[in-house]
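Source file structure-v8.txt; content: compact mmCIF, C-alpha atoms and all ligand atoms.
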# COMPACT_ATOMS: atom_id res chain seq x y z
CA MET A 99 -0.60 28.77 2.63
CA ALA A 100 -3.23 31.02 4.12
CA GLY A 101 -4.41 34.19 2.36
CA GLY A 102 -4.85 34.89 -1.33
CA LEU A 103 -5.15 32.67 -4.37
CA HIS A 104 -2.55 29.89 -4.57
CA ILE A 105 -1.67 27.80 -7.58
CA TYR A 106 0.23 24.60 -6.99
CA GLY A 107 0.76 21.15 -8.42
CA GLU A 108 2.09 17.82 -7.22
CA GLN A 109 5.77 18.49 -7.43
CA ASP A 110 7.15 15.23 -6.11
CA LEU A 111 5.44 12.97 -8.58
CA GLU A 112 5.66 15.25 -11.58
CA GLN A 113 9.44 15.50 -11.37
CA GLY A 114 11.44 12.87 -13.20
CA ILE A 115 8.53 11.71 -15.33
CA LEU A 116 9.30 12.49 -18.91
CA ARG A 117 6.44 10.69 -20.59
CA ASP A 118 3.08 9.52 -19.36
CA TYR A 119 2.19 6.03 -20.54
CA SER A 120 -0.87 5.75 -18.33
CA ASP A 121 -3.19 5.62 -21.34
CA LYS A 122 -1.33 2.54 -22.63
CA SER A 123 -2.29 0.19 -19.88
CA THR A 124 -0.53 -2.96 -20.99
CA LEU A 125 2.58 -4.49 -19.54
CA GLY A 126 3.69 -4.98 -23.14
CA HIS A 127 4.39 -1.27 -23.42
CA VAL A 128 6.40 -1.28 -20.20
CA ILE A 129 8.56 -4.23 -21.16
CA ALA A 130 8.99 -3.03 -24.70
CA ASN A 131 9.98 0.50 -23.68
CA ALA A 132 12.33 -0.72 -21.00
CA ILE A 133 14.20 -3.15 -23.25
CA ILE A 134 14.10 -1.79 -26.74
CA LYS A 135 14.58 1.77 -27.92
CA GLY A 136 13.39 1.49 -31.54
CA THR A 137 9.80 2.68 -32.06
CA SER A 138 8.81 0.00 -34.58
CA GLN A 139 10.10 -2.83 -32.40
CA VAL A 140 8.32 -1.35 -29.39
CA GLU A 141 5.04 -1.30 -31.25
CA ARG A 142 5.58 -4.83 -32.60
CA ILE A 143 6.34 -6.34 -29.17
CA ALA A 144 3.60 -4.30 -27.52
CA GLY A 145 1.21 -5.58 -30.17
CA ILE A 146 2.14 -9.21 -29.41
CA MET A 147 1.79 -8.62 -25.67
CA SER A 148 -1.54 -6.83 -26.17
CA THR A 149 -2.87 -9.73 -28.21
CA PHE A 150 -1.73 -12.20 -25.55
CA GLN A 151 -3.25 -10.07 -22.80
CA ASP A 152 -6.50 -9.68 -24.73
CA ARG A 153 -6.98 -13.44 -24.43
CA LEU A 154 -6.47 -13.39 -20.67
CA ARG A 155 -10.08 -13.20 -19.49
CA VAL A 156 -11.99 -14.64 -16.57
CA PRO A 157 -15.74 -15.31 -16.50
CA TRP A 158 -17.48 -12.47 -14.64
CA ARG A 159 -20.97 -11.25 -13.94
CA GLY A 160 -22.05 -9.25 -16.99
CA GLY A 161 -19.39 -10.69 -19.29
CA ALA A 162 -15.80 -11.93 -19.27
CA LYS A 163 -13.35 -9.62 -17.53
CA GLN A 164 -9.92 -8.93 -18.97
CA ILE A 165 -6.88 -9.38 -16.71
CA SER A 166 -3.76 -7.33 -17.32
CA MET A 167 -0.43 -9.14 -17.23
CA ASP A 168 0.94 -6.93 -14.46
CA SER A 169 -2.04 -7.99 -12.28
CA LEU A 170 -1.25 -11.62 -13.01
CA LEU A 171 2.44 -11.38 -12.03
CA PRO A 172 2.00 -11.57 -8.21
CA ILE A 173 -0.30 -14.61 -8.55
CA VAL A 174 2.48 -16.44 -10.42
CA LEU A 175 5.47 -14.98 -8.57
CA GLN A 176 4.44 -15.44 -4.94
CA PRO A 177 3.84 -19.23 -4.89
CA LEU A 178 7.05 -19.66 -6.91
CA LEU A 179 9.06 -17.52 -4.46
CA ALA A 180 7.48 -19.34 -1.49
CA TYR A 181 8.50 -22.69 -3.02
CA ILE A 182 12.11 -21.52 -3.53
CA ALA A 183 12.33 -19.91 -0.07
CA ALA A 184 11.16 -23.13 1.62
CA GLN A 185 14.17 -25.14 0.29
CA ASN A 186 16.77 -24.07 2.86
CA LEU A 187 17.93 -21.11 4.97
CA TRP A 188 20.08 -19.60 2.20
CA CYS A 189 17.17 -19.72 -0.26
CA THR A 190 14.97 -18.00 2.35
CA LEU A 191 17.51 -15.20 2.82
CA LEU A 192 18.06 -14.87 -0.94
CA VAL A 193 14.32 -14.67 -1.68
CA PHE A 194 13.61 -12.07 1.03
CA VAL A 195 16.50 -9.84 -0.07
CA SER A 196 15.49 -10.25 -3.74
CA ILE A 197 11.84 -9.38 -3.02
CA HIS A 198 12.85 -6.06 -1.45
CA ILE A 199 15.13 -5.14 -4.36
CA CYS A 200 12.60 -6.28 -6.99
CA ILE A 201 9.67 -4.44 -5.39
CA PHE A 202 11.73 -1.25 -5.15
CA TYR A 203 12.82 -1.60 -8.79
CA MET A 204 9.31 -2.46 -10.01
CA TYR A 205 7.82 0.45 -8.08
CA ASN A 206 10.10 2.88 -9.91
CA ILE A 207 9.41 1.25 -13.29
CA PHE A 208 5.64 1.15 -12.80
CA MET A 209 5.44 4.71 -11.47
CA LYS A 210 7.27 5.92 -14.58
CA PHE A 211 5.57 3.89 -17.26
CA LEU A 212 2.39 2.35 -15.83
CA PRO A 213 1.24 4.38 -12.78
CA ARG A 214 -2.27 2.89 -12.79
CA THR A 215 -0.99 -0.68 -12.43
CA LYS A 216 -2.87 -3.15 -10.23
CA PHE A 217 0.37 -5.06 -9.55
CA PHE A 218 0.73 -3.87 -5.94
CA LEU A 219 -2.96 -4.33 -5.10
CA MET A 220 -2.77 -7.87 -6.48
CA TRP A 221 0.43 -8.43 -4.47
CA THR A 222 -1.49 -7.48 -1.30
CA LEU A 223 -4.47 -9.72 -2.13
CA THR A 224 -2.28 -12.66 -3.17
CA SER A 225 -0.25 -12.37 0.05
CA ILE A 226 -3.41 -12.44 2.19
CA VAL A 227 -4.84 -15.45 0.34
CA LEU A 228 -1.56 -17.40 0.42
CA LEU A 229 -0.78 -16.67 4.07
CA MET A 230 -4.29 -17.65 5.20
CA THR A 231 -4.20 -20.78 3.00
CA VAL A 232 -0.85 -21.89 4.45
CA PHE A 233 -2.09 -21.23 7.99
CA GLU A 234 -5.43 -23.02 7.64
CA ILE A 235 -4.18 -25.95 5.53
CA ASN A 236 -0.68 -26.53 6.95
CA VAL A 237 -0.47 -25.00 10.44
CA VAL A 238 -3.92 -25.68 11.95
CA PRO A 239 -3.93 -29.45 11.14
CA LEU A 240 -0.74 -29.82 13.21
CA MET A 241 -3.15 -29.68 16.20
CA GLU A 242 -1.11 -27.15 18.17
CA ILE A 243 -3.50 -24.23 17.57
CA LEU A 244 -6.56 -23.87 19.80
CA PRO A 245 -9.88 -23.12 18.05
CA GLU A 246 -10.10 -19.87 20.06
CA GLU A 247 -6.66 -18.79 18.80
CA ASN A 248 -7.66 -19.53 15.22
CA PHE A 249 -10.91 -17.59 15.74
CA VAL A 250 -9.06 -14.53 17.13
CA LEU A 251 -6.70 -14.55 14.14
CA ILE A 252 -9.61 -14.74 11.70
CA VAL A 253 -11.29 -11.81 13.50
CA PHE A 254 -8.10 -9.71 13.13
CA VAL A 255 -7.81 -10.61 9.44
CA VAL A 256 -11.48 -9.93 8.68
CA ALA A 257 -11.37 -6.61 10.57
CA ALA A 258 -8.21 -5.53 8.71
CA LEU A 259 -9.80 -6.54 5.38
CA ALA A 260 -13.02 -4.66 6.23
CA CYS A 261 -11.00 -1.50 6.99
CA ALA A 262 -8.95 -1.92 3.81
CA TYR A 263 -12.16 -2.35 1.79
CA LYS A 264 -13.60 0.84 3.32
CA VAL A 265 -10.35 2.71 2.58
CA ARG A 266 -10.83 1.87 -1.10
CA SER A 267 -14.59 2.38 -1.23
CA ARG A 268 -14.38 5.79 0.49
CA ALA A 269 -11.44 7.03 -1.61
CA PRO A 270 -13.67 8.65 -4.29
CA LEU A 271 -15.22 10.85 -1.54
CA ASN A 272 -11.85 12.62 -1.34
CA HIS A 273 -12.05 13.68 -4.98
CA VAL A 274 -13.09 17.29 -5.49
CA PRO A 275 -15.98 17.55 -7.95
CA TYR A 276 -15.72 20.00 -10.82
CA THR A 277 -16.42 23.60 -9.91
CA ASP A 278 -16.47 26.65 -12.11
CA PRO A 279 -13.19 28.54 -11.47
CA THR A 280 -15.16 31.80 -11.43
CA ASP A 281 -17.59 30.42 -8.86
CA ALA A 282 -16.95 30.88 -5.14
CA THR A 283 -18.22 27.43 -4.10
CA GLY A 284 -14.65 26.24 -3.69
CA MET A 285 -14.31 28.53 -0.70
CA VAL A 286 -14.47 26.87 2.65
CA GLY A 287 -15.16 28.20 6.09
CA ASN A 288 -16.92 31.51 6.62
CA GLY A 289 -14.66 33.60 4.43
CA LYS A 290 -11.66 32.91 6.63
CA ALA A 291 -10.20 30.06 4.63
CA THR A 292 -8.90 30.67 1.15
CA GLU A 293 -9.61 29.05 -2.17
CA GLU A 294 -6.84 27.58 -4.27
CA VAL A 295 -6.54 26.41 -7.84
CA CYS A 296 -5.02 23.10 -8.90
CA SER A 297 -2.36 23.75 -11.52
CA VAL A 298 -3.06 20.42 -13.25
CA CYS A 299 -6.82 20.48 -13.75
CA ARG A 300 -7.33 24.25 -13.10
CA LYS A 301 -10.09 23.41 -10.65
CA ARG A 302 -10.97 25.56 -7.67
CA VAL A 303 -10.23 23.41 -4.62
CA PRO A 304 -10.30 23.73 -0.81
CA PRO A 305 -7.04 24.32 1.05
CA ARG A 306 -4.93 21.23 1.79
CA THR A 307 -6.07 19.67 -1.49
CA PHE A 308 -3.44 18.16 -3.79
CA HIS A 309 -3.63 16.64 -7.21
CA CYS A 310 -2.93 12.92 -7.60
CA ARG A 311 -1.52 12.05 -11.02
CA ILE A 312 -2.39 8.35 -10.59
CA CYS A 313 -6.02 8.91 -9.55
CA GLN A 314 -6.19 11.91 -11.92
CA ALA A 315 -8.15 13.84 -9.31
CA CYS A 316 -7.78 16.60 -6.75
CA VAL A 317 -7.74 14.88 -3.37
CA THR A 318 -8.81 16.72 -0.21
CA LYS A 319 -6.28 16.57 2.62
CA ARG A 320 -4.20 14.16 0.55
CA ASP A 321 -1.67 12.15 2.55
CA HIS A 322 -0.30 9.84 -0.15
CA HIS A 323 -1.30 7.45 -2.90
CA CYS A 324 -1.17 3.94 -1.48
CA VAL A 325 -0.17 1.56 -4.27
CA TRP A 326 -0.95 -1.48 -2.06
CA PHE A 327 -4.61 -0.40 -1.83
CA ASP A 328 -4.52 1.29 -5.25
CA CYS A 329 -6.15 4.50 -4.03
CA CYS A 330 -5.38 7.84 -2.45
CA VAL A 331 -5.44 8.30 1.31
CA GLY A 332 -7.07 11.59 2.21
CA GLU A 333 -9.72 13.32 4.27
CA HIS A 334 -12.42 10.62 4.17
CA ASN A 335 -10.33 7.46 4.53
CA HIS A 336 -7.21 8.46 6.49
CA LEU A 337 -8.54 7.19 9.85
CA LEU A 338 -9.59 3.89 8.26
CA PHE A 339 -6.15 3.58 6.66
CA VAL A 340 -4.40 3.97 10.04
CA LEU A 341 -6.84 1.47 11.59
CA SER A 342 -6.20 -1.03 8.80
CA LEU A 343 -2.44 -0.64 9.42
CA LEU A 344 -2.88 -1.33 13.13
CA LEU A 345 -5.14 -4.36 12.56
CA SER A 346 -2.85 -5.74 9.85
CA ILE A 347 0.16 -5.53 12.21
CA LEU A 348 -1.81 -7.33 14.95
CA ALA A 349 -2.94 -10.05 12.52
CA LEU A 350 0.55 -10.53 11.06
CA VAL A 351 2.35 -10.69 14.42
CA TYR A 352 -0.28 -12.95 15.99
CA GLY A 353 -0.31 -15.26 12.96
CA ALA A 354 3.51 -15.41 12.94
CA ILE A 355 3.72 -16.25 16.66
CA LEU A 356 1.05 -18.97 16.34
CA THR A 357 2.88 -20.46 13.35
CA LEU A 358 6.39 -20.28 14.83
CA THR A 359 5.34 -21.76 18.16
CA THR A 360 3.79 -24.64 16.19
CA VAL A 361 6.66 -25.44 13.83
CA CYS A 362 9.58 -24.52 16.14
CA HIS A 363 10.40 -25.65 19.67
CA PRO A 364 8.43 -23.25 21.89
CA ILE A 365 9.36 -21.74 25.26
CA PHE A 366 7.29 -19.83 27.79
CA PHE A 367 8.03 -16.13 28.21
CA MET A 368 7.20 -14.90 31.75
CA ASP A 369 5.24 -18.17 32.22
CA ILE A 370 2.36 -16.78 30.15
CA ILE A 371 3.31 -16.10 26.54
CA LEU A 372 4.47 -18.93 24.30
CA LEU A 373 7.36 -17.88 22.03
CA PRO A 374 9.42 -19.82 19.44
CA ASP A 375 12.87 -20.87 20.59
CA ASP A 376 14.76 -23.25 18.28
CA CYS A 377 13.77 -23.28 14.59
CA SER A 378 16.88 -25.07 13.30
CA ASP A 379 15.12 -28.22 11.97
CA VAL A 380 12.22 -26.62 10.05
CA TYR A 381 13.78 -27.31 6.63
CA HIS A 382 13.64 -31.10 7.07
CA ASP A 383 9.99 -31.13 5.96
CA PHE A 384 8.72 -28.97 3.06
CA GLN A 385 5.30 -28.28 4.66
CA ILE A 386 6.94 -27.14 7.90
CA ALA A 387 9.47 -25.04 5.97
CA LEU A 388 6.60 -23.39 4.06
CA CYS A 389 4.89 -22.50 7.37
CA PHE A 390 8.19 -21.12 8.71
CA VAL A 391 8.77 -18.98 5.58
CA SER A 392 5.18 -17.66 5.79
CA ALA A 393 5.74 -16.67 9.41
CA VAL A 394 9.00 -14.87 8.54
CA TYR A 395 7.17 -13.06 5.70
CA CYS A 396 4.49 -12.00 8.21
CA LEU A 397 7.15 -10.60 10.57
CA VAL A 398 8.91 -8.72 7.76
CA LEU A 399 5.60 -7.20 6.64
CA ALA A 400 4.65 -6.33 10.23
CA THR A 401 8.00 -4.54 10.73
CA LEU A 402 7.53 -2.48 7.55
CA LEU A 403 3.92 -1.62 8.45
CA LEU A 404 4.98 -0.68 11.98
CA GLY A 405 7.46 1.81 10.49
CA LEU A 406 4.67 3.26 8.34
CA LEU A 407 2.30 3.41 11.33
CA CYS A 408 4.92 5.28 13.42
CA ASN A 409 5.40 7.72 10.55
CA GLN A 410 1.63 8.27 10.35
CA CYS A 411 1.40 8.83 14.13
CA MET A 412 4.21 11.40 13.95
CA LEU A 413 2.50 13.31 11.11
CA ILE A 414 -0.89 13.24 12.87
CA SER A 415 0.73 14.58 16.05
CA LEU A 416 2.34 17.38 14.01
CA GLY A 417 -0.98 18.23 12.32
CA GLU A 418 0.41 17.67 8.83
CA THR A 419 -0.41 15.38 5.95
CA GLY A 420 2.28 13.29 4.27
CA GLN A 421 1.95 15.46 1.17
CA GLU A 422 2.55 18.66 3.17
CA TRP A 423 5.51 17.01 4.89
CA ARG A 424 7.12 16.00 1.59
CA MET A 425 6.55 19.43 0.08
CA SER A 426 8.28 21.18 2.97
CA HIS A 427 11.91 21.84 2.11
CA SER A 428 13.39 21.64 5.61
CA SER A 429 11.48 18.58 6.87
CA CYS A 430 14.36 17.33 9.03
CA CYS A 431 14.22 20.43 11.25
CA ARG A 432 10.49 21.06 11.25
CA PRO A 433 9.20 18.89 14.12
CA TRP A 434 10.44 21.45 16.61
CA MET A 435 9.26 24.53 14.74
CA SER A 436 5.80 26.05 14.92
CA ASP A 437 5.24 27.14 11.29
CA ARG A 438 2.48 24.64 10.62
CA PRO A 439 -0.68 26.63 9.91
CA TYR A 440 -3.04 23.71 10.67
CA SER A 441 -1.36 22.40 13.82
CA ARG A 442 -3.18 23.10 17.10
CA GLY A 443 -1.12 21.01 19.49
CA VAL A 444 -0.69 17.25 19.67
CA LEU A 445 -3.94 16.46 21.52
CA ARG A 446 -6.16 18.66 19.35
CA ASN A 447 -4.43 17.40 16.21
CA TRP A 448 -5.38 13.84 17.20
CA LEU A 449 -8.95 14.91 18.03
CA THR A 450 -9.20 16.59 14.62
CA PHE A 451 -7.88 13.43 12.98
CA VAL A 452 -10.18 11.04 14.85
CA SER A 453 -13.23 13.24 14.20
CA CYS A 454 -12.24 13.41 10.48
CA GLN A 455 -12.27 17.22 10.40
CA ARG A 456 -10.36 19.01 7.68
CA TYR A 457 -8.68 21.62 9.93
ZN ZN B 1 -6.23 18.63 -9.76
ZN ZN B 2 -4.13 8.78 -5.91

Could you render the structure from this file as structure tokens?
Amino acid sequence: MAGGLHIYGEQDLEQGILRDYSDKSTLGHVIANAIIKGTSQVERIAGIMSTFQDRLRVPWRGGAKQISMDSLLPIVLQPLLAYIAAQNLWCTLLVFVSIHICIFYMYNIFMKFLPRTKFFLMWTLTSIVLLMTVFEINVVPLMEILPEENFVLIVFVVAALACAYKVRSRAPLNHVPYTDPTDATGMVGNGKATEEVCSVCRKRVPPRTFHCRICQACVTKRDHHCVWFDCCVGEHNHLLFVLSLLLSILALVYGAILTLTTVCHPIFFMDIILLPDDCSDVYHDFQIALCFVSAVYCLVLATLLLGLLCNQCMLISLGETGQEWRMSHSSCCRPWMSDRPYSRGVLRNWLTFVSCQRY
């Protein structure tokens, strides 16, 4: 990477994308393209969907705001799935397996045809609202939760939300402003570091900058584009992203334990911690079943986020961003090699990360 003028692009996202539909931001185009091949039928169905979507507006400050159909999907889907999952154990298993398959499938579809979708952001927001609603309306009135426990959970949730909000609000700071390619302002350091040129927007950018096709911007020290927050994680919001992961895991696990110890038969672990023991009769009452399903959803989410957090910790220790990791061809063998130009040892890599330095 170091030395000379480098031209690169975002290889991983560019591959496999034949056509960019990002300018046609209606779900109508996605559905129509996925189902029907004929151009006239695509346009006809897309037209119908666009008309329908055009009428979907909510009152907003400064005028009614249009809602896209893909943003609306999680708001409809999640309560429906929660209702089905709360019927019995088999429904719960079926719904949780289906969610994983559907999300994976929808991710691939959206990334191909509608990369700027708000579907995943709305999924995150809907999950938070539903989980908190179930907890406050169904679990707390069962009188098993202490006010202090409820307060601690709310603090975790608010802290995680505040971090997530800052991740989004600081994301534009990662975007490299336009610079004249003939100008030397893109150079960083005192002549030691090199300038590079983004192959997509032909902009002079600092090292470790990568183009994001979804944000349509060059992102400094880009780690990845987080669809759940609908923004890129890079130099100015990476620390906040890791913090939001940690706080979310704490909130999810704590909320799940509080819920399960309320709706299931609890036992004491080491005479201090209350843990759920027997949950076999939760499906006898719909409200209790709904609480149980919410708690299981929290634990599934916490497990997935824990995996992501471990991955982030490994990359930070190695002094690499997720983008650099993915672009390396022999990633499976690299942890033990020392060909990382920006790595300065585990401790200094963490200090660099915590102090939000670029190198
Ligand atoms: Zn670029
Ligand atoms: Zn992005």

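With distances restricted to all atoms listed in the file, A:Pro304 is the closest residue to Pro275 of chain A from A:Glu418, A:Pro304, A:Tyr263, A:Leu229.
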
Please identify all protein, DNA and RNA residues within 12 Å of ligand ZN 1 (chain B), counting all atoms listed in the file, and report them as number ranges by chain.
A: 105-108, 272-277, 294-304, 306-318, 320

Show me, as a PyMOL selection string, the residues that have an atom within 9 Å of segment 176-187 of chain A when counting only C-alpha atoms, minus same-chain residues fewer than 4 positions from it.
chain A and resi 171-172+191-194+197+221+224-225+228+380-382+384-392

Test item: residues at most 8 Å from Val331 of chain A, all atoms listed in the file, excluding those fewer than 5 positions along its chain, as a PDB file with C-alpha atoms, in the frame of the given file:
ATOM      1  CA  VAL A 265     -10.350   2.710   2.580  1.00  0.00           C
ATOM      2  CA  ALA A 269     -11.440   7.030  -1.610  1.00  0.00           C
ATOM      3  CA  ARG A 320      -4.200  14.160   0.550  1.00  0.00           C
ATOM      4  CA  ASP A 321      -1.670  12.150   2.550  1.00  0.00           C
ATOM      5  CA  HIS A 322      -0.300   9.840  -0.150  1.00  0.00           C
ATOM      6  CA  HIS A 323      -1.300   7.450  -2.900  1.00  0.00           C
ATOM      7  CA  CYS A 324      -1.170   3.940  -1.480  1.00  0.00           C
ATOM      8  CA  HIS A 336      -7.210   8.460   6.490  1.00  0.00           C
ATOM      9  CA  PHE A 339      -6.150   3.580   6.660  1.00  0.00           C
TER      10      PHE A 339
END

Taking all atoms of segment 440-456 of chain A that the file lists and extending 8 Å past them on each side, where is the centre of the axis-aligned box and how long are its edges? Answer in Å to one decimal, as AutoDock Vina command-line options.
--center_x -7.0 --center_y 17.4 --center_z 14.6 --size_x 28.5 --size_y 28.7 --size_z 29.8
